[in-house]
Amino acid sequence: MHYVVICQTTAGLIYGRFHTRLQSGVRYTHAMGTFCLVRSGCFLRQVVPGLPTVLHRQYSLDISAGLLRTQGFIDGRWVSAPSTFPVLDPATGKELAKVADCGPREAQDAVNAAYKAFHSWKRQTAKERSVLLRKWFDLLNQHKEDLAKIITAECGKPMKESLGEIAYSASFLEWFSEEARRTYGDFVPSAAKDRKILLLKQPVGVAAIITPWNFPSAMITRKVGAALAAGCTVVVKPAEDTPLSALALAELAEQAGIPAGVFNVVPCSREKTPSVGELICTDPLVGKVSFTGSTATGKILLKHAAGTVKRVSMELGGHAPFIVFDSADVDKAVAGAMGSKFRNSGQTCVCSNRFLVQSGIHNVFVEKLGKAMDAELRLGHGSDPNTTQGPLINARAAEKVEHQVKDAVSQGAVLLRGGKRLEGSFMEPTLLANVTTDMLCTKEETFGPLVPVLKFNTEEEALAIANASHVGLAGYFFSQDISQIWRVAEHLEVGMVGVNEGLLSTPEASFGGVKQSGLGREGSKYGIEEYLDVKYMCFGGLTP
């Protein structure tokens with residue numbers, strides 16, 4: 001079934017078939033011209049798979065003016081830079097805002113402010129820091145709709161997912177507001193009668209926080225919540241694609257009463273990112289670097305941090321296996337695959353990348369997964385309530401997925417669903433069968449809506465394929481064999497395992513990987529430890 005719009009314009013008649021409901025009085029640009037509907041209720045539908053009608057709605061970022069900040073935030077003040085850079089809506093390519101393009105000078109100012117503020121912030125009691133983090137948490141919940149709109153606008157994910165991210169983001173502030181009061185040290189029995197041994201935990205100092213675009217709010221609070229709870233101050237360098245979420249967090253941090261200099265944000269363009277990143281990772285006043293992003297970039301930052309022997313946390317690339325054994329509940333496995341793969345259009349570091357399905361249920365799983373993709377996935381702008389799949393972050397991301405699909409098909413993979421690059425940075429959700437380990441999609445992280453399915457015969461074969469990677473962030477498998485569950489969970493070379501579950505992130509659990517997927521852990525009771533040093537105090541000369 002399809003619906004038709006026929007409009008008279010100065011360029012002539014416009015004819016389109018629609019699946020997305022259009023609104024009256026809204027200006028639309030079609031391949032044949034520009035039009036404004038007089039009557040709502042019409043729909044645009046993609047009639048031929050892979051050949052969408054070219055249509056762009058002119059979206060606006062309708063949020064509270066106080067949350068849409070475009071300057072850097074340093075020492076409690078909103079500061080401009082000599083130049084600006086544009087932030088784009090990845091769905092339309094349209095400019096959302098121009099943001100201050102901070103450089104090394106502004107970054108140095110932020111480091112100096114954070115270092116100065118550290119000396120007073122660390123002296124606040126754990127309870128005082130806890131209360132301020134809780135106020136920040138409350139403000140995120142109070143403004144969740146506007147914060148979600150910002151994420152959808154600059155990141156592209158559907159509003160439902162953006163609201164989910166804000167809840168997830170706020171949960172780290174709540175968790176670490178509670179953990180702030182639990183940074184216990186130790187009293188250790190001494191072998192000498194005239195001594196007492198104490199192990200104290202103290203904040204490491206200024207933390208440089210470098211975050212990615214795919215979770216522009218939650219990746220900040222997961223790091224900053226722990227840092228502030230421990231008594232550290234921070235300089236945040238958000239991704240150049242998504243600085244607006246970071247700046248909105250700064251506005252709410254200020255409203256929560258977090259003191260000047262404790263939370264600083266230095267936005268910058270792609271061109272200035274290397275120089276800003278190098279400064280905040282090499283400055284001797286910075287005691288800690290925490291980064292989430294690619295393994296390649298992480299290695300560069302590690303080299304920078306090594307010069308002054310800084311504490312580092314690295315949450316780097318993933319290449320998650322998703323294994324379905326013959327004993328699995330196929331329907332649950334399909335549901336798990338849908339959640340794990342297509343959240344944020346496949347643009348998460350823990351999303352499943354390689355789908356290994358045992359031969360006994362391979363055909364049934366692939367058939368059911370294809371049907372689920374047909375029934376549940378809807379491409380569109382993230383602000384449309386019917387959308388489940390937004391755009392990829394930019395054209396380069398879409399080109400990478402397209403290249404992996406072409407490579408696989410050229411080597412004999414069977415294209416069962418999707419496979420086409422659409423307008424702008426949209427990519428059809430794609431299902432491939434007859435995939436082998438020689439194909440590019442099984443060798444490198446995709447970061448897009450591609451499901452490559454490999455058939456295997458034995459448990460040993462599946463584990464060998466799953467572990468044949470230089471990274472090991474997350475892994476998933478579905479089985480109802482208890483002995484197999486224990487064996488596979490222990491043998492998967494990853495930092496996180498989802499057993500009969502496709503979504504595993506939560507503030508109560510540790511987040512991090514092994515191999516070249518990074519160093520350290522975030523979230524959980526271990527997350528705050530990344531921002532604390534242990535000091536040994538020997539109290540001697542006591543009378544027994």
# chains A, B, ... in the order shown; residues from 1 in each chain; ligands from 1
$ residues_around --residues "stretch 395-406 of chain A" --least-positions-apart "2" --cutoff "8 Å" --atoms "only C-alpha atoms" --output "number ranges by chain"
A: 392-393, 408-410, 419-421, 424-427, 439-441, 446-450
$ select_by_dssp --residues "stretch 431-542 of chain A" --states "strand (DSSP E or B)" --output "VMD selection string"
chain A and resid 431 to 433 450 to 456 471 to 472 474 to 478 496 to 499 511 514 to 515 518 to 519 522 532 to 539
$ atom_distance --atom1 "atom CA of A:Gly380" --atom2 "atom CA of A:Ala337"
21.0 Å
$ closest_residue --among "A:Ala320, A:Val334, A:Ala126, A:Val414" --to "A:Ala466" --atoms "only C-alpha atoms"
A:Ala320
$ residues_around --residues "A:Val276" --least-positions-apart "3" --cutoff "8 Å" --atoms "only C-alpha atoms" --output "number ranges by chain"
A: 103-104, 107, 268, 272-273, 279-280
$ write_last_selection --atoms "all heavy atoms" --output "PDB file, in the first residue's frame"
ATOM      1  N   GLY A 103      40.849  26.448  20.757  1.00  0.00           N
ATOM      2  CA  GLY A 103      42.156  25.926  20.397  1.00  0.00           C
ATOM      3  C   GLY A 103      43.008  25.683  21.631  1.00  0.00           C
ATOM      4  O   GLY A 103      42.512  25.672  22.767  1.00  0.00           O
ATOM      5  N   PRO A 104      44.303  25.483  21.425  1.00  0.00           N
ATOM      6  CA  PRO A 104      45.197  25.222  22.567  1.00  0.00           C
ATOM      7  C   PRO A 104      45.157  26.303  23.642  1.00  0.00           C
ATOM      8  O   PRO A 104      45.293  25.988  24.830  1.00  0.00           O
ATOM      9  CB  PRO A 104      46.571  25.143  21.896  1.00  0.00           C
ATOM     10  CG  PRO A 104      46.284  24.686  20.500  1.00  0.00           C
ATOM     11  CD  PRO A 104      44.991  25.341  20.133  1.00  0.00           C
ATOM     12  N   ALA A 107      42.122  25.680  25.677  1.00  0.00           N
ATOM     13  CA  ALA A 107      42.322  24.429  26.409  1.00  0.00           C
ATOM     14  C   ALA A 107      43.258  24.635  27.596  1.00  0.00           C
ATOM     15  O   ALA A 107      43.035  24.082  28.680  1.00  0.00           O
ATOM     16  CB  ALA A 107      42.877  23.367  25.474  1.00  0.00           C
ATOM     17  N   CYS A 268      35.763  21.930  19.944  1.00  0.00           N
ATOM     18  CA  CYS A 268      36.640  22.356  18.855  1.00  0.00           C
ATOM     19  C   CYS A 268      36.331  21.554  17.602  1.00  0.00           C
ATOM     20  O   CYS A 268      35.706  20.488  17.647  1.00  0.00           O
ATOM     21  CB  CYS A 268      38.114  22.224  19.227  1.00  0.00           C
ATOM     22  SG  CYS A 268      38.675  20.542  19.502  1.00  0.00           S
ATOM     23  N   LYS A 272      41.141  21.320  14.720  1.00  0.00           N
ATOM     24  CA  LYS A 272      41.854  21.691  15.943  1.00  0.00           C
ATOM     25  C   LYS A 272      41.918  20.569  16.973  1.00  0.00           C
ATOM     26  O   LYS A 272      42.616  20.691  17.986  1.00  0.00           O
ATOM     27  CB  LYS A 272      41.218  22.934  16.563  1.00  0.00           C
ATOM     28  CG  LYS A 272      41.446  24.205  15.756  1.00  0.00           C
ATOM     29  CD  LYS A 272      40.951  25.433  16.488  1.00  0.00           C
ATOM     30  CE  LYS A 272      41.212  26.706  15.671  1.00  0.00           C
ATOM     31  NZ  LYS A 272      40.684  27.916  16.336  1.00  0.00           N
ATOM     32  N   THR A 273      41.209  19.481  16.722  1.00  0.00           N
ATOM     33  CA  THR A 273      41.180  18.379  17.686  1.00  0.00           C
ATOM     34  C   THR A 273      42.576  17.834  18.010  1.00  0.00           C
ATOM     35  O   THR A 273      42.894  17.611  19.185  1.00  0.00           O
ATOM     36  CB  THR A 273      40.256  17.255  17.186  1.00  0.00           C
ATOM     37  OG1 THR A 273      38.896  17.694  17.276  1.00  0.00           O
ATOM     38  CG2 THR A 273      40.417  15.993  18.016  1.00  0.00           C
ATOM     39  N   LEU A 279      47.463  18.890  23.880  1.00  0.00           N
ATOM     40  CA  LEU A 279      47.721  19.760  25.026  1.00  0.00           C
ATOM     41  C   LEU A 279      47.167  19.173  26.315  1.00  0.00           C
ATOM     42  O   LEU A 279      47.874  19.102  27.334  1.00  0.00           O
ATOM     43  CB  LEU A 279      47.125  21.146  24.783  1.00  0.00           C
ATOM     44  CG  LEU A 279      47.471  22.168  25.881  1.00  0.00           C
ATOM     45  CD1 LEU A 279      47.722  23.533  25.283  1.00  0.00           C
ATOM     46  CD2 LEU A 279      46.376  22.267  26.952  1.00  0.00           C
ATOM     47  N   ILE A 280      45.918  18.747  26.285  1.00  0.00           N
ATOM     48  CA  ILE A 280      45.317  18.279  27.539  1.00  0.00           C
ATOM     49  C   ILE A 280      45.862  16.910  27.961  1.00  0.00           C
ATOM     50  O   ILE A 280      45.722  16.527  29.126  1.00  0.00           O
ATOM     51  CB  ILE A 280      43.771  18.257  27.474  1.00  0.00           C
ATOM     52  CG1 ILE A 280      43.271  17.289  26.399  1.00  0.00           C
ATOM     53  CG2 ILE A 280      43.226  19.653  27.242  1.00  0.00           C
ATOM     54  CD1 ILE A 280      41.756  17.192  26.337  1.00  0.00           C
TER      55      ILE A 280
END
$ atom_distance --atom1 "atom CA of A:Ser275" --atom2 "atom CA of A:Gly261"
21.5 Å
